[in-house]
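J.: Handing over upload09.csv, CSV, C-alpha atoms.
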chain,number,residue,atom,x,y,z
K,1,MET,CA,-68.0,29.1,64.7
K,2,THR,CA,-66.8,25.7,66.0
K,3,LYS,CA,-63.7,24.4,67.7
K,4,PRO,CA,-60.7,26.6,67.0
K,5,HIS,CA,-59.2,24.1,64.6
K,6,GLN,CA,-62.3,23.9,62.6
K,7,MET,CA,-63.0,27.7,62.4
K,8,LEU,CA,-63.9,28.2,58.7
K,9,HIS,CA,-66.0,31.2,57.9
K,10,LEU,CA,-65.8,31.0,54.1
K,11,LEU,CA,-69.3,31.6,52.9
K,12,LEU,CA,-70.9,28.7,51.1
K,13,GLY,CA,-72.5,29.8,47.8
K,14,MET,CA,-72.1,33.4,49.0
K,15,LEU,CA,-75.5,34.5,50.4
K,16,LEU,CA,-78.4,32.1,50.8
K,17,LEU,CA,-81.5,33.8,49.6
K,18,ILE,CA,-84.6,33.1,51.7
K,19,ALA,CA,-88.0,33.5,50.2
K,20,PHE,CA,-90.0,33.3,53.4
K,21,ALA,CA,-88.1,34.6,56.4
K,22,PRO,CA,-90.1,35.2,59.6
K,23,SER,CA,-90.9,38.8,60.5
K,24,ILE,CA,-89.3,40.4,63.5
K,25,SER,CA,-91.7,40.9,66.4
K,26,GLU,CA,-93.9,44.0,66.6
K,27,GLY,CA,-92.0,45.2,69.6
K,28,ALA,CA,-88.7,45.3,67.8
K,29,ILE,CA,-88.0,46.4,64.2
K,30,SER,CA,-90.7,45.0,62.0
K,31,SER,CA,-91.9,48.4,60.7
K,32,PRO,CA,-90.3,49.8,57.6
K,33,TYR,CA,-88.7,53.3,57.6
K,34,LYS,CA,-87.6,55.9,55.2
K,35,LYS,CA,-84.0,56.8,55.4
K,36,SER,CA,-83.2,60.5,56.1
K,37,LYS,CA,-80.7,62.4,54.1
K,38,SER,CA,-78.1,62.0,56.8
K,39,GLN,CA,-78.7,58.2,56.8
K,40,SER,CA,-78.5,57.9,53.0
K,41,THR,CA,-75.1,59.5,52.7
K,42,ALA,CA,-72.1,59.9,54.9
K,43,GLU,CA,-71.6,63.2,56.6
K,44,ALA,CA,-69.6,65.8,54.8
K,45,SER,CA,-66.6,65.0,57.0
K,46,THR,CA,-66.5,61.4,55.6
K,47,ARG,CA,-65.6,62.7,52.1
K,48,GLY,CA,-62.0,61.9,51.4
K,49,THR,CA,-59.7,59.0,50.8
K,50,SER,CA,-58.0,58.6,54.1
K,51,SER,CA,-57.4,55.3,55.9
K,52,ALA,CA,-58.5,53.7,59.2
K,53,VAL,CA,-56.3,51.4,61.3
K,54,PHE,CA,-57.6,49.1,64.0
K,55,PRO,CA,-55.7,46.9,66.5
K,56,LEU,CA,-56.5,43.2,66.4
K,57,SER,CA,-56.9,40.7,69.2
K,58,GLY,CA,-56.8,36.9,69.1
K,59,ASP,CA,-54.4,34.3,67.6
K,60,VAL,CA,-54.4,31.1,65.6
K,61,TYR,CA,-53.8,28.8,68.7
K,62,PRO,CA,-55.5,28.4,71.1
K,63,ASN,CA,-58.2,31.0,70.3
K,64,GLY,CA,-58.6,30.2,66.6
K,65,LEU,CA,-59.5,33.6,65.3
K,66,TYR,CA,-58.5,37.3,65.1
K,67,TYR,CA,-61.1,39.9,65.9
K,68,VAL,CA,-61.4,43.7,65.9
K,69,THR,CA,-63.4,46.1,68.1
K,70,MET,CA,-65.9,48.1,66.2
K,71,ASN,CA,-67.9,51.0,67.7
K,72,ILE,CA,-71.4,51.0,66.4
K,73,GLY,CA,-74.5,53.1,67.2
K,74,ASN,CA,-75.2,56.5,68.7
K,75,PRO,CA,-74.0,56.6,71.3
K,76,ALA,CA,-71.3,54.3,70.1
K,77,LYS,CA,-70.9,50.9,71.8
K,78,PRO,CA,-68.0,48.4,71.3
K,79,TYR,CA,-68.5,45.0,69.7
K,80,TYR,CA,-66.0,42.3,68.9
K,81,LEU,CA,-66.2,41.2,65.3
K,82,ASP,CA,-64.4,38.2,63.7
K,83,VAL,CA,-62.3,39.6,60.8
K,84,ASP,CA,-63.6,37.7,57.7
K,85,THR,CA,-62.4,38.3,54.2
K,86,GLY,CA,-64.2,35.1,53.1
K,87,SER,CA,-67.7,36.6,53.3
K,88,ASP,CA,-69.5,39.9,52.6
K,89,LEU,CA,-72.1,40.5,55.2
K,90,THR,CA,-71.3,42.0,58.6
K,91,TRP,CA,-73.7,40.9,61.3
K,92,LEU,CA,-74.1,41.1,65.1
K,93,GLN,CA,-76.0,38.8,67.4
K,94,CYS,CA,-79.0,40.8,68.1
K,95,ASP,CA,-81.9,41.3,70.6
K,96,ALA,CA,-84.8,41.7,68.2
K,97,PRO,CA,-85.7,39.7,70.3
K,98,CYS,CA,-83.2,36.9,70.0
K,99,ARG,CA,-84.5,33.5,69.1
K,100,SER,CA,-81.2,31.7,69.3
K,101,CYS,CA,-78.1,33.5,70.5
K,102,SER,CA,-75.0,32.5,72.4
K,103,LYS,CA,-73.4,34.4,75.3
K,104,VAL,CA,-71.4,37.2,73.7
K,105,PRO,CA,-68.7,39.5,75.2
K,106,HIS,CA,-71.0,42.6,75.1
K,107,PRO,CA,-74.7,43.2,75.6
K,108,LEU,CA,-76.7,42.2,72.5
K,109,TYR,CA,-77.1,44.9,69.9
K,110,ARG,CA,-80.7,46.2,70.3
K,111,PRO,CA,-82.1,47.9,67.2
K,112,THR,CA,-85.0,50.2,66.9
K,113,LYS,CA,-87.6,50.2,64.2
K,114,GLN,CA,-86.1,53.3,62.6
K,115,LYS,CA,-82.9,51.3,61.9
K,116,LEU,CA,-84.6,48.7,59.6
K,117,VAL,CA,-83.4,48.7,56.0
K,118,PRO,CA,-86.4,48.6,53.7
K,119,CYS,CA,-86.9,46.0,51.0
K,120,SER,CA,-86.6,48.8,48.4
K,121,ASP,CA,-83.1,49.8,49.4
K,122,PRO,CA,-80.5,49.0,46.8
K,123,ILE,CA,-78.3,47.4,49.4
K,124,CYS,CA,-81.1,44.9,50.0
K,125,SER,CA,-81.4,44.2,46.3
K,126,ALA,CA,-77.7,43.3,46.3
K,127,LEU,CA,-78.3,40.9,49.1
K,128,ARG,CA,-81.4,39.0,48.0
K,129,GLN,CA,-84.7,39.2,46.1
K,130,CYS,CA,-87.1,40.9,48.5
K,131,GLU,CA,-90.9,41.3,48.5
K,132,ALA,CA,-91.6,42.1,52.1
K,133,ALA,CA,-91.3,45.3,54.1
K,134,GLN,CA,-88.0,44.3,55.8
K,135,CYS,CA,-84.8,42.9,54.3
K,136,ASP,CA,-84.3,39.4,55.7
K,137,TYR,CA,-81.1,37.5,55.3
K,138,GLU,CA,-79.6,34.1,56.0
K,139,VAL,CA,-75.9,33.2,55.7
K,140,GLN,CA,-74.3,29.8,56.0
K,141,TYR,CA,-70.6,29.1,56.4
K,142,ALA,CA,-68.4,26.1,55.6
K,143,ASP,CA,-68.1,25.2,59.2
K,144,GLN,CA,-71.8,24.6,59.4
K,145,GLY,CA,-72.6,27.7,61.3
K,146,SER,CA,-75.3,30.1,60.2
K,147,SER,CA,-77.0,33.4,61.0
K,148,LEU,CA,-80.5,34.4,60.2
K,149,GLY,CA,-81.9,37.9,60.7
K,150,VAL,CA,-82.8,41.2,59.2
K,151,LEU,CA,-80.8,44.0,57.7
K,152,VAL,CA,-80.4,47.2,59.7
K,153,SER,CA,-78.3,50.3,59.4
K,154,ASP,CA,-76.4,52.3,62.1
K,155,ALA,CA,-73.4,54.6,62.6
K,156,PHE,CA,-69.9,53.1,62.6
K,157,THR,CA,-67.3,55.4,64.4
K,158,LEU,CA,-64.0,55.3,62.5
K,159,ARG,CA,-60.9,57.2,63.5
K,160,LEU,CA,-58.9,58.0,60.3
K,161,THR,CA,-55.1,58.4,59.8
K,162,ASN,CA,-55.6,62.1,59.0
K,163,SER,CA,-56.8,62.5,62.7
K,164,SER,CA,-60.4,63.0,61.8
K,165,THR,CA,-63.3,60.9,63.0
K,166,VAL,CA,-66.1,59.9,60.7
K,167,ARG,CA,-69.4,58.2,61.4
K,168,PRO,CA,-70.9,56.7,58.2
K,169,THR,CA,-74.2,54.9,58.4
K,170,LEU,CA,-73.6,51.3,57.2
K,171,ALA,CA,-76.0,48.4,56.7
K,172,PHE,CA,-75.3,45.1,58.5
K,173,GLY,CA,-77.2,42.1,59.7
K,174,CYS,CA,-79.1,41.9,63.0
K,175,GLY,CA,-78.9,38.2,63.7
K,176,TYR,CA,-81.6,36.9,65.9
K,177,ASP,CA,-81.2,33.2,65.1
K,178,GLN,CA,-77.7,31.7,65.1
K,179,GLN,CA,-77.0,28.0,64.6
K,180,LEU,CA,-73.6,27.2,66.1
K,181,SER,CA,-71.9,23.9,66.7
K,182,ASN,CA,-71.7,24.5,70.4
K,183,PRO,CA,-74.4,27.1,71.2
K,184,ASN,CA,-74.0,26.7,75.0
K,185,ALA,CA,-70.3,27.8,74.9
K,186,PRO,CA,-69.6,31.5,75.3
K,187,ALA,CA,-68.7,33.2,72.0
K,188,SER,CA,-65.4,35.0,71.6
K,189,THR,CA,-67.0,37.7,69.4
K,190,ASP,CA,-70.3,39.5,69.0
K,191,GLY,CA,-70.5,38.8,65.3
K,192,VAL,CA,-68.6,38.8,62.0
K,193,LEU,CA,-67.0,41.7,60.0
K,194,GLY,CA,-67.6,40.7,56.4
K,195,LEU,CA,-64.8,42.2,54.3
K,196,GLY,CA,-65.4,40.5,50.9
K,197,GLY,CA,-65.7,42.3,47.6
K,198,GLY,CA,-69.5,42.2,47.3
K,199,LYS,CA,-71.9,45.1,47.3
K,200,VAL,CA,-73.1,44.5,50.9
K,201,SER,CA,-69.5,44.4,52.3
K,202,ILE,CA,-68.5,47.2,54.7
K,203,MET,CA,-65.7,48.1,52.3
K,204,SER,CA,-68.0,48.6,49.3
K,205,GLN,CA,-70.3,50.7,51.4
K,206,LEU,CA,-67.4,52.9,52.6
K,207,LYS,CA,-66.3,53.3,49.0
K,208,ASP,CA,-69.8,54.3,47.9
K,209,GLN,CA,-70.0,56.9,50.6
K,210,GLY,CA,-66.6,58.3,49.8
K,211,ALA,CA,-65.1,57.5,53.2
K,212,THR,CA,-62.2,55.3,52.0
K,213,ARG,CA,-61.0,53.6,48.9
K,214,ASN,CA,-62.1,49.9,48.5
K,215,VAL,CA,-58.8,48.5,49.8
K,216,VAL,CA,-58.6,46.4,53.0
K,217,GLY,CA,-55.6,44.7,54.6
K,218,HIS,CA,-54.6,42.8,57.6
K,219,CYS,CA,-51.4,41.9,59.4
K,220,LEU,CA,-51.9,38.9,61.7
K,221,GLY,CA,-49.3,38.6,64.5
K,222,ARG,CA,-47.6,35.2,64.9
K,223,ASN,CA,-47.7,35.7,68.7
K,224,GLY,CA,-51.3,37.1,68.6
K,225,GLY,CA,-52.7,40.6,67.8
K,226,GLY,CA,-51.8,42.6,64.8
K,227,PHE,CA,-53.8,45.2,62.9
K,228,LEU,CA,-56.5,45.7,60.3
K,229,PHE,CA,-56.7,48.7,57.9
K,230,PHE,CA,-59.3,50.2,55.5
K,231,GLY,CA,-58.0,52.3,52.6
K,232,ASP,CA,-54.6,52.4,50.9
K,233,ASP,CA,-52.5,55.1,52.6
K,234,LEU,CA,-50.4,52.5,54.4
K,235,VAL,CA,-49.8,50.1,51.4
K,236,PRO,CA,-46.1,50.0,50.1
K,237,TYR,CA,-47.2,49.2,46.6
K,238,SER,CA,-43.8,48.9,45.0
K,239,LYS,CA,-42.6,46.3,47.6
K,240,VAL,CA,-45.7,44.1,47.7
K,241,THR,CA,-45.9,40.8,45.7
K,242,TRP,CA,-49.1,41.2,43.6
K,243,ALA,CA,-51.4,38.8,41.9
K,244,PRO,CA,-54.5,39.7,39.8
K,245,LEU,CA,-57.7,38.6,41.4
K,246,SER,CA,-59.3,35.7,39.6
K,247,LEU,CA,-62.4,36.6,37.7
K,248,ARG,CA,-63.7,33.1,38.1
K,249,SER,CA,-64.1,33.3,41.8
K,250,LYS,CA,-66.5,35.4,44.0
K,251,ASN,CA,-63.9,35.2,46.8
K,252,TYR,CA,-60.5,36.8,47.1
K,253,SER,CA,-58.5,34.4,44.8
K,254,PRO,CA,-55.2,34.9,43.1
K,255,GLY,CA,-56.1,32.0,40.8
K,256,SER,CA,-54.4,28.7,40.3
K,257,ALA,CA,-51.1,27.6,41.7
K,258,SER,CA,-48.6,24.8,41.6
K,259,LEU,CA,-47.4,23.3,44.9
K,260,TYR,CA,-43.8,22.8,46.0
K,261,PHE,CA,-42.2,21.4,49.1
K,262,GLY,CA,-38.5,21.6,49.9
K,263,GLY,CA,-37.9,23.1,46.5
K,264,LYS,CA,-39.5,20.1,44.7
K,265,SER,CA,-42.7,20.0,42.8
K,266,LEU,CA,-45.4,17.8,44.4
K,267,GLY,CA,-47.1,17.3,41.0
K,268,VAL,CA,-50.1,19.4,42.1
K,269,LYS,CA,-51.0,22.0,39.4
K,270,GLN,CA,-54.0,24.1,38.7
K,271,MET,CA,-54.7,24.3,42.4
K,272,ASP,CA,-57.4,27.0,42.9
K,273,VAL,CA,-56.7,29.1,46.0
K,274,VAL,CA,-58.8,31.5,48.1
K,275,PHE,CA,-57.5,33.8,50.9
K,276,ASP,CA,-59.8,33.7,53.9
K,277,SER,CA,-59.0,35.5,57.2
K,278,GLY,CA,-62.1,33.9,58.7
K,279,SER,CA,-60.5,30.5,58.6
K,280,SER,CA,-58.1,29.6,61.5
K,281,TYR,CA,-56.2,27.0,59.4
K,282,THR,CA,-55.3,26.4,55.8
K,283,TYR,CA,-57.3,23.7,53.9
K,284,PHE,CA,-55.9,22.0,50.8
K,285,THR,CA,-57.9,20.0,48.3
K,286,SER,CA,-57.6,16.3,48.9
K,287,GLN,CA,-54.9,15.7,46.3
K,288,ALA,CA,-52.8,18.6,47.5
K,289,TYR,CA,-53.2,17.6,51.1
K,290,GLN,CA,-52.2,14.0,50.5
K,291,ALA,CA,-49.2,15.0,48.5
K,292,LEU,CA,-48.0,17.5,51.1
K,293,VAL,CA,-48.5,15.0,54.0
K,294,SER,CA,-46.6,12.3,52.1
K,295,ALA,CA,-43.7,14.7,51.4
K,296,VAL,CA,-43.5,16.0,55.0
K,297,LYS,CA,-43.6,12.5,56.5
K,298,SER,CA,-40.9,11.3,54.0
K,299,ASP,CA,-38.7,14.3,54.8
K,300,ILE,CA,-39.0,13.8,58.6
K,301,GLY,CA,-38.4,10.1,58.5
K,302,ASP,CA,-37.6,8.8,62.0
K,303,LYS,CA,-36.4,12.2,63.3
K,304,LEU,CA,-39.8,12.7,65.0
K,305,LYS,CA,-42.6,10.3,66.0
K,306,VAL,CA,-46.3,10.7,65.3
K,307,ALA,CA,-48.2,11.9,68.4
K,308,SER,CA,-51.5,10.0,68.0
K,309,ASN,CA,-53.0,11.1,71.3
K,310,ASP,CA,-53.0,14.9,70.7
K,311,PRO,CA,-56.6,16.0,70.1
K,312,SER,CA,-55.6,19.5,68.9
K,313,LEU,CA,-55.2,18.7,65.2
K,314,PRO,CA,-55.3,15.6,62.9
K,315,LEU,CA,-51.6,15.1,62.4
K,316,CYS,CA,-49.0,15.8,65.1
K,317,TRP,CA,-45.4,14.9,65.9
K,318,LYS,CA,-43.5,14.6,69.2
K,319,GLY,CA,-39.9,14.9,70.1
K,320,GLN,CA,-37.8,13.3,72.9
K,321,LYS,CA,-39.1,16.1,75.2
K,322,PRO,CA,-42.1,18.5,74.8
K,323,PHE,CA,-41.6,21.3,72.4
K,324,LYS,CA,-42.0,24.8,73.8
K,325,SER,CA,-42.2,26.9,70.6
K,326,ILE,CA,-41.8,26.7,66.8
K,327,SER,CA,-38.1,27.4,67.1
K,328,ASP,CA,-37.7,24.0,68.7
K,329,VAL,CA,-39.1,22.2,65.7
K,330,ARG,CA,-38.4,24.5,62.7
K,331,LYS,CA,-35.2,22.6,61.8
K,332,TYR,CA,-37.1,19.4,61.1
K,333,PHE,CA,-39.4,20.9,58.5
K,334,LYS,CA,-39.0,22.6,55.1
K,335,SER,CA,-40.9,25.4,53.4
K,336,ALA,CA,-43.8,24.9,51.0
K,337,VAL,CA,-44.4,27.3,48.1
K,338,LEU,CA,-47.4,28.1,46.1
K,339,SER,CA,-46.4,29.4,42.6
K,340,PHE,CA,-49.4,31.1,41.0
K,341,VAL,CA,-50.1,30.5,37.4
K,342,ASN,CA,-50.7,34.1,36.4
K,343,GLY,CA,-48.9,36.7,34.3
K,344,LYS,CA,-46.8,37.8,37.2
K,345,LYS,CA,-45.7,34.4,38.4
K,346,SER,CA,-46.3,35.4,42.0
K,347,MET,CA,-45.1,33.1,44.7
K,348,LEU,CA,-46.2,32.6,48.3
K,349,GLU,CA,-43.7,31.0,50.5
K,350,ILE,CA,-45.1,29.0,53.5
K,351,PRO,CA,-42.3,28.4,56.0
K,352,PRO,CA,-42.7,25.9,58.9
K,353,ASP,CA,-43.8,28.8,61.1
K,354,ASN,CA,-46.8,29.4,58.8
K,355,TYR,CA,-48.1,25.8,58.8
K,356,LEU,CA,-47.1,24.3,62.2
K,357,VAL,CA,-48.6,24.8,65.7
K,358,VAL,CA,-47.0,23.8,69.0
K,359,THR,CA,-49.9,22.7,71.2
K,360,GLU,CA,-50.4,22.8,74.9
K,361,TYR,CA,-49.3,19.1,74.9
K,362,GLY,CA,-45.8,20.0,73.6
K,363,ASN,CA,-46.3,18.5,70.1
K,364,ALA,CA,-45.9,20.1,66.7
K,365,CYS,CA,-49.1,19.8,64.6
K,366,LEU,CA,-49.8,20.4,61.0
K,367,GLY,CA,-52.0,23.4,60.5
K,368,ILE,CA,-52.9,22.5,56.9
K,369,LEU,CA,-56.0,20.3,56.9
K,370,ASN,CA,-57.9,18.2,54.3
K,371,GLY,CA,-60.5,20.4,52.9
K,372,SER,CA,-62.6,17.6,51.5
K,373,GLU,CA,-63.4,16.7,55.2
K,374,VAL,CA,-65.2,20.0,55.6
K,375,GLY,CA,-66.9,20.0,52.2
K,376,LEU,CA,-64.3,21.9,50.2
K,377,LYS,CA,-63.7,20.0,47.0
K,378,ASP,CA,-62.8,22.4,44.2
K,379,PHE,CA,-60.5,24.9,45.9
K,380,SER,CA,-58.0,25.4,48.7
K,381,VAL,CA,-58.3,28.0,51.5
K,382,ILE,CA,-55.3,29.9,52.8
K,383,GLY,CA,-56.2,30.7,56.4
K,384,ASP,CA,-54.8,32.6,59.3
K,385,ILE,CA,-51.9,30.3,60.1
K,386,THR,CA,-50.4,30.8,56.7
K,387,LEU,CA,-51.1,34.6,56.7
K,388,GLN,CA,-49.3,35.2,60.0
K,389,ASP,CA,-46.6,38.0,59.9
K,390,LEU,CA,-47.6,38.9,56.4
K,391,MET,CA,-49.3,42.2,55.4
K,392,VAL,CA,-52.1,41.0,53.1
K,393,VAL,CA,-53.8,43.6,50.9
K,394,TYR,CA,-57.1,43.0,49.1
K,395,ASP,CA,-57.1,45.8,46.5
K,396,ASN,CA,-60.6,45.9,45.0
K,397,GLU,CA,-59.8,49.2,43.3
K,398,ASN,CA,-57.2,47.6,41.0
K,399,GLY,CA,-58.4,44.0,41.1
K,400,GLN,CA,-55.4,42.5,42.8
K,401,ILE,CA,-54.3,40.8,46.0
K,402,GLY,CA,-50.9,41.2,47.5
K,403,TRP,CA,-48.6,40.2,50.4
K,404,ILE,CA,-45.3,41.1,52.0
K,405,LYS,CA,-43.4,39.7,55.0
K,406,THR,CA,-43.4,42.1,58.0
K,407,ALA,CA,-43.7,42.1,61.7
K,408,CYS,CA,-47.3,42.5,62.7
K,409,ASP,CA,-46.8,43.3,66.4
K,410,ARG,CA,-46.5,47.1,65.9
K,411,LEU,CA,-49.5,49.2,65.1
K,412,PRO,CA,-48.7,51.8,62.4
K,413,LYS,CA,-49.1,55.4,63.6
K,414,SER,CA,-48.5,57.5,60.6
K,415,LYS,CA,-49.9,58.1,57.1
K,416,SER,CA,-46.7,57.0,55.5
K,417,PRO,CA,-46.6,53.5,53.9
K,418,LEU,CA,-45.5,50.7,56.0
K,419,LEU,CA,-42.0,49.1,55.7
Kindly present the structure from the file in structure tokens form.

T.:
Amino acid sequence: MTKPHQMLHLLLGMLLLIAFAPSISEGAISSPYKKSKSQSTAEASTRGTSSAVFPLSGDVYPNGLYYVTMNIGNPAKPYYLDVDTGSDLTWLQCDAPCRSCSKVPHPLYRPTKQKLVPCSDPICSALRQCEAAQCDYEVQYADQGSSLGVLVSDAFTLRLTNSSTVRPTLAFGCGYDQQLSNPNAPASTDGVLGLGGGKVSIMSQLKDQGATRNVVGHCLGRNGGGFLFFGDDLVPYSKVTWAPLSLRSKNYSPGSASLYFGGKSLGVKQMDVVFDSGSSYTYFTSQAYQALVSAVKSDIGDKLKVASNDPSLPLCWKGQKPFKSISDVRKYFKSAVLSFVNGKKSMLEIPPDNYLVVTEYGNACLGILNGSEVGLKDFSVIGDITLQDLMVVYDNENGQIGWIKTACDRLPKSKSPLL
């Protein structure tokens, strides 16, 4: 929601409950409605446990996000949604009418009063305490962006791997007031696809309706693109590195980790970590960040010089001539490793390709940033740069998160597990 290098959609405090949200205008969706039987449950054809696969667009640099096309409404219309495992609520910028919206890729979603989710609906109760007719919401993100609106429900068209098409009715936010860092700039997406583990998440709703199992995964291509999937048909369970989800975190967290660089401990232990596909870059706590930067600088020595005039990221290096790709600089850097302090002793290797960016200025910049500078004090965020060319699986059915190296530039076409 800000400059690409500051994109950080991790939800602060999960959902902000608002006691007195303004009502939507009479001409839009301010009237309550009773859900019909077809709206309360998925159609019979949704019953099953198949999976859905979607191609992704975008990249870490220069776009700063990965997004998916979702077809919503009847008739279905396409919308670009930022893939965000760091928050629960899905929302679209919305003409209800819109009080504060940026220019988006598609015409604003325009609801009807029949689409309004009433205050009495259980999905609203999971979102906030509600005493009015309509279910208002407000979400705020760690990058200072926010969306305020009302909950609506509409059909999502999903093509499953068993060749069937389902159209479950799902609740999402109709955002009529967005506060963005640069509201005059055109937005890359129409909204956010919230894939967290909460009750209002699209994944929880699909599970409740029997459409798919509550498993979501993504594969972010290092050169852009990749794929997103709902359900577990494509998960190679025996080959994935698994870690149990921490019960202390509301986000997708494999718990605490120790930090290593070049095979040596950096003295950082009990480092709480969260995986967040809504963050372009990785953010370490201040102690971990300072330890890593010190180790990297010490290791590089005088082989590269600091490029102080590159505005892309806070810390960059330059060579004797401009770098064209990561392959030009990989030899100067070593891998970092997060060793998770759990029963399985899971490890996440972070090679130079997964923490460096070669910018348009021909410099190599560190894509791991100081989280304390964006308000993250108690935990570190593993963002898109570190998740590139990994299939990451958020398995809410079994309370675990997993990852495995793979090329993300090929969209899977069959029901058989990947790899």

J.: Nearest residue to Lys199 in chain K out of K:Lys250, K:Gln114, K:Val381, K:Thr406, using all atoms listed in the file?

T.: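 For Lys199 in chain K, the nearest of the candidates is K:Lys250.
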
J.: Which is closer to Tyr176 in chain K than all the others in K:Gly225, K:Gly255, K:Pro111, K:Pro97, using only C-alpha atoms?

T.: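 Among the listed residues, K:Pro97 lies closest to Tyr176 in chain K.
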
J.: I'd like the interatomic distance between CA of Tyr281 in chain K and CA of Val83 in chain K, to a tenth of an Å.

T.: 14.1 Å

J.: Determine, counting only C-alpha atoms, which protein, DNA and RNA residues have an atom within 10 Å of an atom of range 336-349 of chain K; residues of the same chain fewer than 6 positions away are not included. Present the result as a ChimeraX atom specification.

T.: /K:241-246,254-266,268-273,292,296,355,386-387,402-405

J.: Could you state the separation of CA of Arg410 in chain K and CA of Val235 in chain K in Å, given to one decimal place?

T.: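 Between these atoms lies a distance of 15.2 Å.
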
J.: So which one's closest to Ser50 in chain K, K:Val358, K:Leu206, K:Val329, K:Leu315? Using only C-alpha atoms, please.

T.: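 With only C-alpha atoms as the atom set, the closest residue is K:Leu206.
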
J.: What does the distance from CA of Leu376 in chain K to CA of Asp143 in chain K come to in Å, to one decimal?

T.: 10.3 Å

J.: Identify the residues within 9 Å of coordinate (-55.8, 18.8, 52.8) (same frame as the file), considering all atoms listed in the file, and give the answer as a count of residues only.

T.: 19

J.: If you count only C-alpha atoms, which residues fall within 9 Å of Val306 in chain K, apart from same-chain ones fewer than 6 positions away, as a PyMOL selection string?

T.: chain K and resi 315-318

J.: Between K:Asn182, K:Thr112, K:Gln129, K:Ser188, which has the minimum distance to Asp154 in chain K (counting only C-alpha atoms)?

T.: K:Thr112

J.: I need the residue nearest Gly73 in chain K from this list: K:Leu304, K:Leu356, K:Val393, K:Ala155. Use only C-alpha atoms for the distance.

T.: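 Counting only C-alpha atoms, the residue closest to Gly73 in chain K is K:Ala155.
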
J.: Excluding Ser201 in chain K and any residue of its chain fewer than 3 positions from it, enumerate the residues within 9 Å of it, using only C-alpha atoms, and give them as JSON, numbers by chain.

T.: {"K": [87, 88, 89, 90, 171, 172, 193, 194, 195, 196, 197, 198, 204, 205, 206]}

J.: Which one of K:Leu148, K:Cys219, K:Val139, K:Ala364 sits closest to Ser308 in chain K if you count only C-alpha atoms?

T.: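 The shortest atom-to-atom distance to Ser308 in chain K comes from K:Ala364.
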
J.: Using the partial input, fill out range 279-290 of chain K with N, CA and C atoms; write the result as an mmCIF file, in the coordinates of the input.

T.:
data_model
loop_
_atom_site.group_PDB
_atom_site.id
_atom_site.type_symbol
_atom_site.label_atom_id
_atom_site.label_comp_id
_atom_site.auth_asym_id
_atom_site.auth_seq_id
_atom_site.Cartn_x
_atom_site.Cartn_y
_atom_site.Cartn_z
ATOM 1 N N SER K 279 -60.830 31.846 58.375
ATOM 2 C CA SER K 279 -60.500 30.500 58.600
ATOM 3 C C SER K 279 -59.209 30.385 59.460
ATOM 4 N N SER K 280 -59.283 29.672 60.566
ATOM 5 C CA SER K 280 -58.100 29.600 61.500
ATOM 6 C C SER K 280 -56.945 28.921 60.771
ATOM 7 N N TYR K 281 -57.250 27.837 60.060
ATOM 8 C CA TYR K 281 -56.200 27.000 59.400
ATOM 9 C C TYR K 281 -56.331 27.021 57.931
ATOM 10 N N THR K 282 -55.331 26.459 57.283
ATOM 11 C CA THR K 282 -55.300 26.400 55.800
ATOM 12 C C THR K 282 -55.870 24.986 55.431
ATOM 13 N N TYR K 283 -56.669 24.978 54.375
ATOM 14 C CA TYR K 283 -57.300 23.700 53.900
ATOM 15 C C TYR K 283 -56.892 23.514 52.447
ATOM 16 N N PHE K 284 -56.261 22.385 52.172
ATOM 17 C CA PHE K 284 -55.900 22.000 50.800
ATOM 18 C C PHE K 284 -56.935 21.021 50.262
ATOM 19 N N THR K 285 -57.075 21.021 48.937
ATOM 20 C CA THR K 285 -57.900 20.000 48.300
ATOM 21 C C THR K 285 -57.261 18.625 48.653
ATOM 22 N N SER K 286 -58.036 17.577 48.517
ATOM 23 C CA SER K 286 -57.600 16.300 48.900
ATOM 24 C C SER K 286 -56.273 15.849 48.278
ATOM 25 N N GLN K 287 -56.166 16.073 46.968
ATOM 26 C CA GLN K 287 -54.900 15.700 46.300
ATOM 27 C C GLN K 287 -53.729 16.450 46.796
ATOM 28 N N ALA K 288 -53.884 17.761 46.972
ATOM 29 C CA ALA K 288 -52.800 18.600 47.500
ATOM 30 C C ALA K 288 -52.421 18.212 48.899
ATOM 31 N N TYR K 289 -53.428 17.955 49.712
ATOM 32 C CA TYR K 289 -53.200 17.600 51.100
ATOM 33 C C TYR K 289 -52.425 16.281 51.217
ATOM 34 N N GLN K 290 -52.882 15.276 50.492
ATOM 35 C CA GLN K 290 -52.200 14.000 50.500
ATOM 36 C C GLN K 290 -50.765 14.067 50.046
#
